[in-house]
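Participant: Following this message is one structure expressed as structure tokens.
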Amino acid sequence: TKSAIDLFYKMRYRAESLVSAVDLEPIRTVIDEQENSRTKNTQISFKENGEINSVRSKNGKPAEVITFNSPNLTLEPFSAAFFARSMDWKVGQKREFDVFNGKSRYLITLSCTDIEEVSVAGIDREAWVIVPEVKNLTSPNADKKLRSARLYVSTDDKKELLKIVSSVFIGSVVTKMTSFTPYDRVATPALAGLRTKAGTLVQ
């Protein structure tokens, strides 16, 4: 939030995720959140033996630790986004995987329902229509804030997310790509020298 909004409501959020450049599997994720005077820190680690560990702290109170092994492919939200974008799709195809956000586990089902044209900066681009379904495995009876959504992913090699249409409690939210400028990546001190499980340098 900007300084003018901070007078009434202050929000800060930073997330950093280390993902394998070889298979896109997660290695470590750190999330820092501040909402007014409330603070949260979440650290998730994925070990080579399949163990997943989460340490969550709120407002300086003793941390909550969660440790488990999952028989299913389990990602965190950021690696899940890269994983989903790496796929080629066919209409009628479905894929499933688990997502763990440090607190709850979710079963994500992605279904390709159609191919449509999406206009980006006056240019029509072909896109797969991907419909996600989310099932809370930790709390099956939890309220569902997201009613439904459609993701439009370009069918070319870039597999860019061109549009998102989300149906919420009242109405819907439409997010469209208007332009994209590749980021000139520079290795940060936090990531410099870190290597993935396969030994590939991550920058």
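Going through the structure tokens in order, the chains are called A, B, and so on, while each chain numbers its residues from 1 and the ligands are numbered from 1 in the order shown.
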Could you pull out the strand (DSSP E or B) residues of range 62-174 of chain A from DSSP and send them as JSON, numbers by chain?

Facilitator: {"A": [64, 65, 66, 67, 68, 69, 74, 75, 94, 95, 96, 97, 98, 99, 100, 105, 106, 107, 108, 109, 110, 111, 112, 113, 114, 115, 116, 117, 118, 119, 120, 123, 124, 125, 126, 127, 128, 129, 130, 131, 132, 133, 134, 135, 136, 148, 149, 150, 151, 152, 153, 154, 161, 162, 163, 164, 165, 166, 167, 172, 173, 174]}

Participant: Just the alpha helix (DSSP H) stuff from chain A, please, per backbone DSSP, written as an mmCIF file with all heavy atoms, in the first residue's frame.

Facilitator:
data_model
loop_
_atom_site.group_PDB
_atom_site.id
_atom_site.type_symbol
_atom_site.label_atom_id
_atom_site.label_comp_id
_atom_site.auth_asym_id
_atom_site.auth_seq_id
_atom_site.Cartn_x
_atom_site.Cartn_y
_atom_site.Cartn_z
ATOM 1 N N SER A 3 1.769 5.398 0.717
ATOM 2 C CA SER A 3 1.807 6.134 1.983
ATOM 3 C C SER A 3 0.450 6.721 2.352
ATOM 4 O O SER A 3 0.079 6.762 3.529
ATOM 5 C CB SER A 3 2.874 7.232 1.914
ATOM 6 O OG SER A 3 2.619 8.103 0.814
ATOM 7 N N ALA A 4 -0.319 7.196 1.366
ATOM 8 C CA ALA A 4 -1.629 7.781 1.668
ATOM 9 C C ALA A 4 -2.582 6.738 2.228
ATOM 10 O O ALA A 4 -3.375 7.015 3.133
ATOM 11 C CB ALA A 4 -2.221 8.417 0.409
ATOM 12 N N ILE A 5 -2.496 5.515 1.713
ATOM 13 C CA ILE A 5 -3.350 4.428 2.196
ATOM 14 C C ILE A 5 -2.857 3.916 3.542
ATOM 15 O O ILE A 5 -3.652 3.472 4.386
ATOM 16 C CB ILE A 5 -3.384 3.283 1.164
ATOM 17 C CG1 ILE A 5 -3.865 3.797 -0.192
ATOM 18 C CG2 ILE A 5 -4.274 2.149 1.647
ATOM 19 C CD1 ILE A 5 -5.268 4.359 -0.176
ATOM 20 N N ASP A 6 -1.542 3.991 3.770
ATOM 21 C CA ASP A 6 -0.971 3.502 5.023
ATOM 22 C C ASP A 6 -1.591 4.154 6.250
ATOM 23 O O ASP A 6 -1.599 3.576 7.338
ATOM 24 C CB ASP A 6 0.544 3.753 5.044
ATOM 25 C CG ASP A 6 1.306 2.746 4.192
ATOM 26 O OD1 ASP A 6 0.706 1.723 3.814
ATOM 27 O OD2 ASP A 6 2.489 2.994 3.906
ATOM 28 N N PRO A 77 2.863 -22.408 -3.928
ATOM 29 C CA PRO A 77 2.143 -21.630 -4.952
ATOM 30 C C PRO A 77 2.994 -21.134 -6.111
ATOM 31 O O PRO A 77 2.519 -21.101 -7.248
ATOM 32 C CB PRO A 77 1.569 -20.454 -4.138
ATOM 33 C CG PRO A 77 1.387 -21.013 -2.764
ATOM 34 C CD PRO A 77 2.550 -21.936 -2.560
ATOM 35 N N PHE A 78 4.247 -20.766 -5.871
ATOM 36 C CA PHE A 78 5.050 -20.181 -6.938
ATOM 37 C C PHE A 78 5.546 -21.243 -7.925
ATOM 38 O O PHE A 78 5.457 -21.070 -9.136
ATOM 39 C CB PHE A 78 6.219 -19.391 -6.330
ATOM 40 C CG PHE A 78 5.763 -18.345 -5.352
ATOM 41 C CD1 PHE A 78 5.856 -18.572 -3.991
ATOM 42 C CD2 PHE A 78 5.206 -17.161 -5.795
ATOM 43 C CE1 PHE A 78 5.416 -17.618 -3.077
ATOM 44 C CE2 PHE A 78 4.761 -16.201 -4.899
ATOM 45 C CZ PHE A 78 4.861 -16.435 -3.536
ATOM 46 N N SER A 79 6.070 -22.348 -7.401
ATOM 47 C CA SER A 79 6.499 -23.416 -8.295
ATOM 48 C C SER A 79 5.306 -24.025 -9.021
ATOM 49 O O SER A 79 5.434 -24.478 -10.163
ATOM 50 C CB SER A 79 7.256 -24.499 -7.523
ATOM 51 O OG SER A 79 6.451 -25.058 -6.502
ATOM 52 N N ALA A 80 4.123 -24.015 -8.377
ATOM 53 C CA ALA A 80 2.925 -24.524 -9.035
ATOM 54 C C ALA A 80 2.587 -23.705 -10.274
ATOM 55 O O ALA A 80 2.171 -24.255 -11.310
ATOM 56 C CB ALA A 80 1.742 -24.511 -8.056
ATOM 57 N N ALA A 81 2.775 -22.392 -10.187
ATOM 58 C CA ALA A 81 2.493 -21.526 -11.336
ATOM 59 C C ALA A 81 3.449 -21.827 -12.487
ATOM 60 O O ALA A 81 3.039 -21.945 -13.643
ATOM 61 C CB ALA A 81 2.600 -20.065 -10.924
ATOM 62 N N PHE A 82 4.749 -21.991 -12.177
ATOM 63 C CA PHE A 82 5.715 -22.331 -13.222
ATOM 64 C C PHE A 82 5.428 -23.707 -13.807
ATOM 65 O O PHE A 82 5.517 -23.919 -15.019
ATOM 66 C CB PHE A 82 7.136 -22.294 -12.657
ATOM 67 C CG PHE A 82 7.699 -20.915 -12.499
ATOM 68 C CD1 PHE A 82 7.775 -20.319 -11.249
ATOM 69 C CD2 PHE A 82 8.138 -20.199 -13.600
ATOM 70 C CE1 PHE A 82 8.282 -19.052 -11.094
ATOM 71 C CE2 PHE A 82 8.657 -18.923 -13.462
ATOM 72 C CZ PHE A 82 8.734 -18.344 -12.202
ATOM 73 N N PHE A 83 5.085 -24.655 -12.944
ATOM 74 C CA PHE A 83 4.810 -26.024 -13.386
ATOM 75 C C PHE A 83 3.618 -26.053 -14.336
ATOM 76 O O PHE A 83 3.657 -26.690 -15.396
ATOM 77 C CB PHE A 83 4.543 -26.903 -12.164
ATOM 78 C CG PHE A 83 4.329 -28.345 -12.478
ATOM 79 C CD1 PHE A 83 5.399 -29.169 -12.798
ATOM 80 C CD2 PHE A 83 3.056 -28.895 -12.446
ATOM 81 C CE1 PHE A 83 5.196 -30.511 -13.087
ATOM 82 C CE2 PHE A 83 2.850 -30.227 -12.737
ATOM 83 C CZ PHE A 83 3.922 -31.047 -13.057
ATOM 84 N N ALA A 84 2.545 -25.344 -13.973
ATOM 85 C CA ALA A 84 1.340 -25.329 -14.803
ATOM 86 C C ALA A 84 1.619 -24.686 -16.159
ATOM 87 O O ALA A 84 1.109 -25.130 -17.191
ATOM 88 C CB ALA A 84 0.216 -24.591 -14.082
ATOM 89 N N ARG A 85 2.448 -23.638 -16.178
ATOM 90 C CA ARG A 85 2.756 -22.942 -17.434
ATOM 91 C C ARG A 85 3.697 -23.739 -18.331
ATOM 92 O O ARG A 85 3.791 -23.469 -19.525
ATOM 93 C CB ARG A 85 3.386 -21.584 -17.136
ATOM 94 C CG ARG A 85 2.408 -20.537 -16.642
ATOM 95 C CD ARG A 85 3.090 -19.196 -16.545
ATOM 96 N NE ARG A 85 3.674 -18.801 -17.825
ATOM 97 C CZ ARG A 85 4.569 -17.828 -17.953
ATOM 98 N NH1 ARG A 85 4.992 -17.181 -16.897
ATOM 99 N NH2 ARG A 85 5.047 -17.515 -19.152
#

Participant: List as a ChimeraX atom specification the protein and nucleic acid residues near Thr155 in chain A, meaning an atom at most 6 Å away when only C-alpha atoms are counted, but skip any in the same chain fewer than 3 places from it.

Facilitator: /A:126-127,159

Participant: Any chance you can output those residues with all heavy atoms as a PDB file, in the first residue's frame?

Facilitator:
ATOM      1  N   GLU A 126      -3.831 -17.064 -29.820  1.00  0.00           N
ATOM      2  CA  GLU A 126      -4.543 -18.287 -29.469  1.00  0.00           C
ATOM      3  C   GLU A 126      -4.168 -18.712 -28.054  1.00  0.00           C
ATOM      4  O   GLU A 126      -3.000 -18.658 -27.662  1.00  0.00           O
ATOM      5  CB  GLU A 126      -4.181 -19.394 -30.462  1.00  0.00           C
ATOM      6  CG  GLU A 126      -4.984 -20.662 -30.302  1.00  0.00           C
ATOM      7  CD  GLU A 126      -4.609 -21.711 -31.329  1.00  0.00           C
ATOM      8  OE1 GLU A 126      -3.522 -22.326 -31.175  1.00  0.00           O
ATOM      9  OE2 GLU A 126      -5.379 -21.913 -32.296  1.00  0.00           O
ATOM     10  N   ALA A 127      -5.173 -19.126 -27.275  1.00  0.00           N
ATOM     11  CA  ALA A 127      -4.917 -19.477 -25.882  1.00  0.00           C
ATOM     12  C   ALA A 127      -5.728 -20.694 -25.464  1.00  0.00           C
ATOM     13  O   ALA A 127      -6.879 -20.872 -25.884  1.00  0.00           O
ATOM     14  CB  ALA A 127      -5.248 -18.297 -24.963  1.00  0.00           C
ATOM     15  N   LYS A 159       3.913 -19.580 -23.681  1.00  0.00           N
ATOM     16  CA  LYS A 159       2.904 -20.015 -22.693  1.00  0.00           C
ATOM     17  C   LYS A 159       2.612 -18.905 -21.675  1.00  0.00           C
ATOM     18  O   LYS A 159       2.616 -19.118 -20.466  1.00  0.00           O
ATOM     19  CB  LYS A 159       3.358 -21.287 -21.993  1.00  0.00           C
ATOM     20  CG  LYS A 159       3.458 -22.497 -22.913  1.00  0.00           C
ATOM     21  CD  LYS A 159       3.788 -23.746 -22.128  1.00  0.00           C
ATOM     22  CE  LYS A 159       3.786 -24.976 -23.018  1.00  0.00           C
ATOM     23  NZ  LYS A 159       4.860 -24.959 -24.024  1.00  0.00           N
TER      24      LYS A 159
END

Participant: Hey, which of A:Ser148, A:Met177, A:Ala21, A:Asp88 ends up closest to Ile123 in chain A? Count only C-alpha atoms.

Facilitator: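 Nearest to Ile123 in chain A: A:Met177.
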
Participant: Of the candidates A:Gln34, A:Gln93, A:Asn41, A:Ser17, which one gets nearest to Glu64 in chain A if we count only C-alpha atoms?

Facilitator: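 Smallest separation from Glu64 in chain A among the options: A:Asn41.
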
Participant: Let me make sure I understand: among A:Leu161, A:Val99, A:Val173, A:Val55, which one has the smallest atom-to-atom distance to Ser70 in chain A if we use only C-alpha atoms?

Facilitator: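 Of all the options, A:Val99 lies closest to Ser70 in chain A.
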
Participant: Any idea what the distance is between CA of Lys158 in chain A and CA of Trp128 in chain A?

Facilitator: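 Rounded to one decimal, the two atoms are 12.5 Å apart.
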
Participant: Ranking A:Val118, A:Asn49, A:Phe8, A:Val131 by minimum distance to Lys94 in chain A and counting only C-alpha atoms, which one comes first?

Facilitator: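 Smallest separation from Lys94 in chain A among the options: A:Val131.
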
Participant: Which residues are close to Asn53 in chain A, i.e. within 7 Å by only C-alpha atoms, leaving aside same-chain residues fewer than 2 positions away? Reply as a list in words.

Facilitator: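 Listing them by chain and then by number gives Ile44, Ser45, Phe46, Glu51, Val55, Ile66, Thr67 and Phe68 of chain A.
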
Participant: Tell me, as a ChimeraX atom specification, which residues lie within 9 Å of range 149-152 of chain A, counting only C-alpha atoms; anything in the same chain fewer than 5 positions away does not count.

Facilitator: /A:115-116,118,126-133,160-168

Participant: Go ahead and save the residues from that selection, with C-alpha atoms, as a PDB file, in the first residue's frame.

Facilitator:
ATOM      1  CA  ILE A 115      -9.074 -22.881 -27.228  1.00  0.00           C
ATOM      2  CA  GLU A 116      -9.998 -19.230 -27.735  1.00  0.00           C
ATOM      3  CA  VAL A 118      -7.428 -13.385 -26.781  1.00  0.00           C
ATOM      4  CA  GLU A 126      -4.543 -18.287 -29.469  1.00  0.00           C
ATOM      5  CA  ALA A 127      -4.917 -19.477 -25.882  1.00  0.00           C
ATOM      6  CA  TRP A 128      -5.835 -22.611 -23.980  1.00  0.00           C
ATOM      7  CA  VAL A 129      -8.711 -22.089 -21.552  1.00  0.00           C
ATOM      8  CA  ILE A 130      -7.667 -23.714 -18.271  1.00  0.00           C
ATOM      9  CA  VAL A 131     -10.250 -24.164 -15.510  1.00  0.00           C
ATOM     10  CA  PRO A 132      -8.826 -24.856 -12.021  1.00  0.00           C
ATOM     11  CA  GLU A 133     -10.660 -26.737  -9.286  1.00  0.00           C
ATOM     12  CA  GLU A 160       2.087 -16.580 -21.319  1.00  0.00           C
ATOM     13  CA  LEU A 161      -0.850 -16.019 -19.011  1.00  0.00           C
ATOM     14  CA  LEU A 162      -2.921 -13.631 -21.143  1.00  0.00           C
ATOM     15  CA  LYS A 163      -6.109 -13.302 -19.103  1.00  0.00           C
ATOM     16  CA  ILE A 164      -7.749 -14.451 -15.873  1.00  0.00           C
ATOM     17  CA  VAL A 165     -11.502 -14.373 -15.277  1.00  0.00           C
ATOM     18  CA  SER A 166     -12.468 -15.025 -11.633  1.00  0.00           C
ATOM     19  CA  SER A 167     -16.019 -15.307 -10.331  1.00  0.00           C
ATOM     20  CA  VAL A 168     -16.175 -14.133  -6.721  1.00  0.00           C
TER      21      VAL A 168
END

Participant: Enter the distance from CA of Lys61 in chain A to CA of Leu7 in chain A, in Å, rounded to one decimal.

Facilitator: 25.9 Å

Participant: Just checking: using only C-alpha atoms, which residue out of A:Val19, A:Asn136, A:Ser86, A:Glu117 ends up closest to Phe100 in chain A?

Facilitator: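 Of A:Val19, A:Asn136, A:Ser86, A:Glu117, the one nearest Phe100 in chain A, counting only C-alpha atoms, is A:Asn136.
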
Participant: Need the shell around Pro140 in chain A: protein/DNA/RNA residues with any atom at most 12 Å away, counting only C-alpha atoms. Skip same-chain ones fewer than 5 positions apart. Format as a ChimeraX atom specification?

Facilitator: /A:104-107,134-135
